[in-house]
$ cat structure-v2.cif   # mmCIF, C-alpha atoms
data_data
loop_
_atom_site.label_atom_id
_atom_site.label_comp_id
_atom_site.auth_asym_id
_atom_site.auth_seq_id
_atom_site.Cartn_x
_atom_site.Cartn_y
_atom_site.Cartn_z
CA ASN A 92 0.00 0.00 0.00
CA VAL A 93 1.70 3.20 -1.21
CA LEU A 94 -0.20 5.36 1.29
CA ILE A 95 1.45 3.78 4.32
CA ARG A 96 5.01 4.21 3.04
CA ASP A 97 7.31 6.96 4.26
CA ALA A 98 8.40 7.54 0.67
CA ALA A 99 7.75 6.07 -2.75
CA ILE A 100 9.83 6.16 -5.94
CA ILE A 101 7.84 6.64 -9.14
CA GLY A 102 9.39 5.43 -12.41
CA MET A 103 8.26 5.08 -16.03
CA ASN A 104 7.91 1.70 -17.67
CA ASP A 105 6.45 1.22 -21.15
CA GLY A 106 5.05 4.74 -21.12
CA ARG A 107 3.32 4.32 -17.79
CA PHE A 108 4.24 5.59 -14.35
CA ASN A 109 4.56 2.90 -11.68
CA VAL A 110 5.81 2.57 -8.12
CA VAL A 111 9.35 1.23 -8.23
CA THR A 112 9.75 -1.57 -5.69
CA GLU A 113 13.53 -1.84 -5.92
CA PHE A 114 15.58 1.35 -6.06
CA MET A 115 19.10 2.33 -5.10
CA ALA A 116 20.83 5.71 -5.07
CA ALA A 117 24.29 6.84 -4.07
CA THR A 118 25.61 10.27 -3.18
CA THR A 119 29.21 11.25 -3.78
CA VAL A 120 31.19 14.36 -2.91
CA ASN A 121 33.00 16.31 -5.62
CA GLU A 122 35.73 17.98 -3.58
CA GLU A 123 37.18 19.85 -6.57
CA GLN A 124 33.82 21.35 -7.53
CA ASN A 125 33.08 22.32 -3.91
CA GLN A 126 36.46 24.02 -3.61
CA SER A 127 35.77 26.01 -6.76
CA ALA A 128 32.17 26.96 -5.90
CA TYR A 129 32.97 28.05 -2.33
CA ALA A 130 36.30 29.72 -3.15
CA LEU A 131 35.11 33.18 -2.07
CA ALA A 132 33.75 31.94 1.26
CA VAL A 133 37.00 30.54 2.65
CA ALA A 134 40.67 31.44 2.79
CA SER A 135 42.55 30.54 -0.39
CA GLU A 136 44.77 27.98 1.36
CA GLU A 137 41.93 26.30 3.25
CA ILE A 138 40.79 22.87 2.09
CA LEU A 139 37.00 22.57 2.21
CA ASN A 140 35.35 19.69 3.97
CA ALA A 141 31.89 18.52 2.87
CA ARG A 142 30.94 18.05 6.53
CA GLU A 143 31.57 21.77 7.17
CA ILE A 144 29.26 22.69 4.28
CA LEU A 145 26.48 20.39 5.48
CA ALA A 146 26.84 21.69 9.05
CA GLY A 147 26.25 25.26 7.82
CA ASN A 148 29.70 26.51 8.79
CA ILE A 149 30.43 27.82 5.28
CA SER A 150 28.57 30.69 3.64
CA PRO A 151 26.64 29.82 0.44
CA PRO A 152 28.53 30.27 -2.86
CA GLU A 153 28.43 33.78 -4.29
CA GLN A 154 26.85 32.35 -7.46
CA SER A 155 23.77 31.34 -5.47
CA VAL A 156 23.11 34.72 -3.84
CA ASP A 157 20.62 35.95 -6.44
CA PHE A 158 18.83 32.61 -6.46
CA TYR A 159 18.45 32.81 -2.68
CA GLY A 160 17.29 36.40 -3.06
CA ALA A 161 14.53 35.28 -5.43
CA LEU A 162 13.39 32.60 -2.99
CA GLN A 163 13.47 35.05 -0.10
CA SER A 164 11.22 37.41 -2.02
CA LEU A 165 8.34 34.94 -1.75
CA GLU A 166 5.56 36.03 0.54
CA CYS A 167 5.89 32.98 2.77
CA PRO A 168 8.97 32.54 4.91
CA TYR A 169 11.79 35.01 4.36
CA SER A 170 14.19 32.47 5.82
CA MET A 171 15.30 29.38 3.92
CA HIS A 172 15.27 27.51 7.21
CA SER A 173 12.85 27.28 10.09
CA HIS A 174 13.16 29.99 12.72
CA PRO A 175 15.50 29.06 15.57
CA ILE A 176 13.70 28.25 18.80
CA LEU A 177 15.18 29.83 21.91
CA PRO A 178 16.13 27.17 24.48
CA ASP A 179 14.59 27.65 27.91
CA SER A 180 18.07 28.13 29.38
CA LEU A 181 18.61 31.24 27.19
CA GLN A 182 15.19 32.89 27.58
CA SER A 183 16.43 35.33 30.24
CA TYR A 184 19.12 36.76 27.93
CA CYS A 185 16.81 38.21 25.27
CA ASP A 186 16.48 41.73 26.63
CA THR A 187 19.77 42.74 28.24
CA ASP A 188 22.75 44.29 26.49
CA TRP A 189 25.91 42.47 25.51
CA VAL A 190 29.13 44.46 26.01
CA GLU A 191 32.50 43.12 24.90
CA LEU A 192 34.46 44.12 27.99
CA SER A 193 31.80 43.11 30.51
CA PRO A 194 33.18 40.50 32.94
CA HIS A 195 30.03 38.39 32.65
CA GLY A 196 28.68 39.12 29.17
CA LEU A 197 25.85 41.13 30.77
CA GLY A 198 23.05 38.66 31.29
CA THR A 199 20.20 38.96 33.76
CA VAL A 200 19.10 36.31 36.21
CA SER A 201 20.16 32.67 35.74
CA ALA A 202 23.57 31.14 36.33
CA ALA A 203 23.74 32.77 39.77
CA HIS A 204 23.40 36.24 38.20
CA GLY A 205 26.64 35.69 36.32
CA GLY A 206 25.29 36.17 32.81
CA MET A 207 25.39 34.02 29.68
CA ARG A 208 29.15 33.53 29.93
CA THR A 209 28.76 31.88 33.34
CA LEU A 210 26.00 29.64 31.99
CA LEU A 211 28.15 28.51 29.04
CA LYS A 212 31.05 27.76 31.39
CA LEU A 213 28.78 25.65 33.61
CA ILE A 214 27.54 23.72 30.58
CA SER A 215 31.07 23.17 29.27
CA GLN A 216 32.03 21.60 32.60
CA GLY A 217 29.60 18.75 31.97
CA GLY A 218 26.46 17.44 33.60
CA MET A 219 24.08 19.52 31.45
CA GLU A 220 24.06 17.47 28.26
CA GLU A 221 20.45 18.26 27.30
CA GLU A 222 21.02 22.01 27.66
CA LYS A 223 24.24 21.72 25.65
CA ARG A 224 22.47 19.93 22.78
CA GLU A 225 19.68 22.53 22.73
CA ILE A 226 22.14 25.43 22.67
CA ASP A 227 24.29 23.80 19.98
CA MET A 228 21.20 23.29 17.81
CA PHE A 229 20.03 26.85 18.39
CA ALA A 230 23.47 28.25 17.47
CA ARG A 231 23.54 26.26 14.23
CA LYS A 232 20.02 27.30 13.18
CA PHE A 233 20.68 30.91 14.16
CA LYS A 234 23.68 31.02 11.82
CA TYR A 235 21.50 29.70 8.98
CA TYR A 236 18.87 32.28 9.90
CA LEU A 237 21.35 35.16 9.66
CA MET A 238 23.12 33.81 6.57
CA ASP A 239 19.78 33.76 4.75
CA GLY A 240 19.22 37.41 5.61
CA VAL A 241 16.79 38.90 8.14
CA PRO A 242 14.54 41.80 6.98
CA VAL A 243 14.94 44.94 9.09
CA GLN A 244 14.15 48.64 8.91
CA LEU A 245 17.22 50.82 9.29
CA VAL A 246 16.74 53.79 11.65
CA LEU A 247 18.91 56.74 10.69
CA PRO A 248 20.23 58.98 13.52
CA SER A 249 20.02 62.00 11.22
CA ASN A 250 16.38 61.25 10.41
CA PRO A 251 14.84 59.01 13.13
CA GLY A 252 11.43 59.12 11.47
CA CYS A 253 12.76 57.53 8.28
CA ARG A 254 12.57 53.76 7.90
CA GLU A 255 14.71 52.17 5.18
CA GLU A 256 13.90 48.57 4.22
CA LYS A 257 17.11 46.54 4.55
CA VAL A 258 18.39 43.02 5.14
CA LEU A 259 20.75 42.05 7.97
CA ARG A 260 23.01 39.22 6.79
CA LEU A 261 25.93 37.22 8.17
CA THR A 262 28.69 36.06 5.82
CA ILE A 263 31.10 33.49 7.23
CA LYS A 264 34.62 33.97 5.85
CA ASN A 265 36.42 31.32 7.85
CA SER A 266 34.69 28.27 9.30
CA ALA A 267 37.39 27.90 11.95
CA SER A 268 36.76 31.34 13.47
CA LEU A 269 33.74 33.63 13.39
CA SER A 270 35.82 36.71 14.24
CA GLU A 271 36.45 37.34 10.52
CA SER A 272 32.78 36.91 9.62
CA VAL A 273 30.92 39.94 8.30
CA LEU A 274 27.63 41.38 9.54
CA GLU A 275 26.15 43.49 6.75
CA ILE A 276 23.10 45.69 6.36
CA SER A 277 22.18 45.98 2.68
CA ARG A 278 19.18 46.70 0.53
CA LYS A 279 16.88 43.83 -0.31
CA ARG A 280 17.99 41.78 -3.28
CA ARG A 281 15.60 41.94 -6.19
CA PRO A 282 14.67 38.61 -7.80
CA GLY A 283 15.62 38.32 -11.44
CA VAL A 284 18.06 41.23 -11.21
CA LEU A 285 21.81 40.73 -11.17
CA ASN A 286 23.03 42.13 -7.85
CA VAL A 287 26.77 41.78 -8.42
CA GLY A 288 28.78 44.40 -6.60
CA MET A 289 25.83 45.59 -4.54
CA GLN A 290 27.28 47.58 -1.65
CA GLY A 291 25.89 47.38 1.85
CA SER A 292 24.76 50.37 3.89
CA PHE A 293 26.96 49.13 6.71
CA VAL A 294 29.52 46.32 6.99
CA ALA A 295 31.41 45.20 10.09
CA THR A 296 33.39 42.14 11.09
CA LEU A 297 32.28 40.43 14.29
CA ASP A 298 35.71 41.12 15.71
CA ASN A 299 34.95 44.88 15.62
CA ILE A 300 31.55 44.70 17.32
CA THR A 301 31.56 45.90 20.92
CA ARG A 302 27.89 46.03 21.93
CA PHE A 303 24.43 44.64 21.15
CA SER A 304 21.28 46.15 22.64
CA ARG A 305 17.49 46.21 22.52
CA ASN A 306 17.26 49.48 24.47
CA PRO A 307 16.70 52.48 22.17
CA PRO A 308 18.45 55.78 22.99
CA THR A 309 16.18 58.33 24.64
CA LEU A 310 16.67 60.76 21.75
CA VAL A 311 15.13 58.33 19.24
CA ASN A 312 11.38 58.77 19.08
CA LEU A 313 9.74 55.33 18.89
CA ASP A 314 6.24 54.22 19.78
CA ASP A 315 5.63 51.31 22.15
CA GLU A 316 5.32 48.76 19.34
CA GLU A 317 8.56 49.90 17.69
CA LYS A 318 10.45 49.75 20.99
CA LYS A 319 9.65 46.02 21.18
CA ARG A 320 11.22 45.54 17.73
CA PHE A 321 14.31 47.68 18.34
CA PHE A 322 17.79 46.19 17.92
CA SER A 323 21.18 47.87 17.63
CA PHE A 324 24.89 47.17 17.66
CA GLU A 325 28.03 49.24 18.00
CA THR A 326 31.58 48.74 16.73
CA ASP A 327 34.90 50.18 17.76
CA LEU A 328 34.77 52.23 14.56
CA SER A 329 31.20 53.56 14.70
CA GLY A 330 30.54 56.77 16.57
CA THR A 331 26.88 55.97 17.12
CA PRO A 332 24.81 52.76 17.38
CA ILE A 333 23.64 51.11 14.15
CA MET A 334 19.90 51.08 14.87
CA MET A 335 17.18 49.02 13.25
CA LEU A 336 13.69 47.61 13.76
CA ALA A 337 13.15 43.89 13.35
CA LYS A 338 10.04 42.56 11.64
CA ASN A 339 8.56 41.63 15.00
CA ARG A 340 9.48 41.28 18.67
CA LYS A 341 10.39 37.62 18.23
CA ASP A 342 13.01 38.47 15.61
CA ALA A 343 14.48 41.20 17.85
CA MET A 344 14.77 38.69 20.71
CA LEU A 345 16.39 36.12 18.44
CA LEU A 346 18.88 38.65 17.08
CA LEU A 347 20.03 39.81 20.51
CA CYS A 348 20.20 36.40 22.17
CA GLY A 349 21.69 34.67 19.11
CA MET A 350 24.39 37.30 18.60
CA LYS A 351 25.23 37.18 22.31
CA LEU A 352 25.71 33.43 22.04
CA LEU A 353 27.92 33.63 18.94
CA MET A 354 30.07 36.38 20.45
CA GLU A 355 30.46 34.66 23.82
CA ARG A 356 31.48 31.40 22.16
CA GLU A 357 33.93 33.14 19.87
CA LYS A 358 35.55 35.65 22.21
CA PHE A 359 35.53 33.92 25.55
#

$ encode --input "structure-v2.cif" --output "structure tokens"
Amino acid sequence: NVLIRDAAIIGMNDGRFNVVTEFMAATTVNEEQNQSAYALAVASEEILNAREILAGNISPPEQSVDFYGALQSLECPYSMHSHPILPDSLQSYCDTDWVELSPHGLGTVSAAHGGMRTLLKLISQGGMEEEKREIDMFARKFKYYLMDGVPVQLVLPSNPGCREEKVLRLTIKNSASLSESVLEISRKRRPGVLNVGMQGSFVATLDNITRFSRNPPTLVNLDDEEKKRFFSFETDLSGTPIMMLAKNRKDAMLLLCGMKLLMEREKF
């Protein structure tokens, strides 16, 4: 009975389509083709590993950017992957700032008031295997989420009332270290239009970022709904915060908590 199978292979025989009862398929890795396709995403001397690609540690090939842009333009999900789900152990870190030089990574309650850094240290010491698995899965999906591009509205300090439609995107340059990865705010890619050389409104490496926050400056006039969607980051080169509004409060929470997690894992 075809209806009770998990999957069925349909083949053609004598001009008719039939269920194929015996079927075999094999998958092979073309290392040379992978190295060529992903050449811009890794250092020139680095040898790509198919496992790293499948794990999401390598940014998509540049040749696929416009194709992804066309898919992202669909009305349904703007992410190629399901939204990350915040683990219960990280729920309390969705609203507080992250500051690079803070001794505890500025969390709130949890982990004896020591912040996310203290929690991650406790998990790394063992005995919290379920929490570790949940956080590892969240970190992986969050990277996919950012690599796909998250729609935001850029808030300009010179014109706080203006809202520019942008996309916040992470590009991983080196799978061994996220410090060289780039966080970019750029205009939305248009499907069917070649976007080669499209410059971002703002580009920063993770190594230069010094602060993430969901607390808008008092001088920026936002209504209550916009304050829930507010997200910003600062770098050691920017004089003022790079401010934006996420699509909804959930996205703002994901951005802050997810970026905290990536930065804590990378820097400390």

$ residues_around --input "structure-v2.cif" --residues "stretch 337-339 of chain A" --least-positions-apart "2" --cutoff "6 Å" --atoms "only C-alpha atoms" --output "list in words"
Val243, Arg320, Lys341, Asp342 and Ala343 of chain A

$ atom_distance --input "structure-v2.cif" --atom1 "atom CA of A:Ala141" --atom2 "atom CA of A:Arg231"
16.1 Å

$ atom_distance --input "structure-v2.cif" --atom1 "atom CA of A:Glu225" --atom2 "atom CA of A:Leu210"
13.3 Å

$ resolve_selection --input "structure-v2.cif" --expression "the PyMOL selection byres ((chain A and resi 269) around 10)" --output "PyMOL selection string"
chain A and resi 148+262-268+270-273+296-298+353-354+356-358

$ write_last_selection --input "structure-v2.cif" --atoms "C-alpha atoms" --output "PDB file, in the coordinates of the input"
ATOM      1  CA  ASN A 148      29.700  26.510   8.790  1.00  0.00           C
ATOM      2  CA  THR A 262      28.690  36.060   5.820  1.00  0.00           C
ATOM      3  CA  ILE A 263      31.100  33.490   7.230  1.00  0.00           C
ATOM      4  CA  LYS A 264      34.620  33.970   5.850  1.00  0.00           C
ATOM      5  CA  ASN A 265      36.420  31.320   7.850  1.00  0.00           C
ATOM      6  CA  SER A 266      34.690  28.270   9.300  1.00  0.00           C
ATOM      7  CA  ALA A 267      37.390  27.900  11.950  1.00  0.00           C
ATOM      8  CA  SER A 268      36.760  31.340  13.470  1.00  0.00           C
ATOM      9  CA  SER A 270      35.820  36.710  14.240  1.00  0.00           C
ATOM     10  CA  GLU A 271      36.450  37.340  10.520  1.00  0.00           C
ATOM     11  CA  SER A 272      32.780  36.910   9.620  1.00  0.00           C
ATOM     12  CA  VAL A 273      30.920  39.940   8.300  1.00  0.00           C
ATOM     13  CA  THR A 296      33.390  42.140  11.090  1.00  0.00           C
ATOM     14  CA  LEU A 297      32.280  40.430  14.290  1.00  0.00           C
ATOM     15  CA  ASP A 298      35.710  41.120  15.710  1.00  0.00           C
ATOM     16  CA  LEU A 353      27.920  33.630  18.940  1.00  0.00           C
ATOM     17  CA  MET A 354      30.070  36.380  20.450  1.00  0.00           C
ATOM     18  CA  ARG A 356      31.480  31.400  22.160  1.00  0.00           C
ATOM     19  CA  GLU A 357      33.930  33.140  19.870  1.00  0.00           C
ATOM     20  CA  LYS A 358      35.550  35.650  22.210  1.00  0.00           C
TER      21      LYS A 358
END

$ residues_around --input "structure-v2.cif" --residues "A:Leu310" --least-positions-apart "2" --cutoff "12 Å" --atoms "all atoms listed in the file" --output "PyMOL selection string"
chain A and resi 247-252+306-308+312-313

$ resolve_selection --input "structure-v2.cif" --expression "the PyMOL selection byres ((chain A and resi 230) around 10)" --output "list in words"
Pro175, Ile176, Leu177, Arg224, Glu225, Ile226, Asp227, Met228, Phe229, Arg231, Lys232, Phe233, Lys234, Tyr235, Tyr236, Cys348, Gly349, Met350, Leu352, Leu353 and Arg356 of chain A

$ axis_aligned_box --input "structure-v2.cif" --around "stretch 223-230 of chain A" --padding-each-side "3 Å" --output "JSON"
{"center_x": 22.0, "center_y": 24.1, "center_z": 21.6, "size_x": 10.6, "size_y": 14.3, "size_z": 14.2}
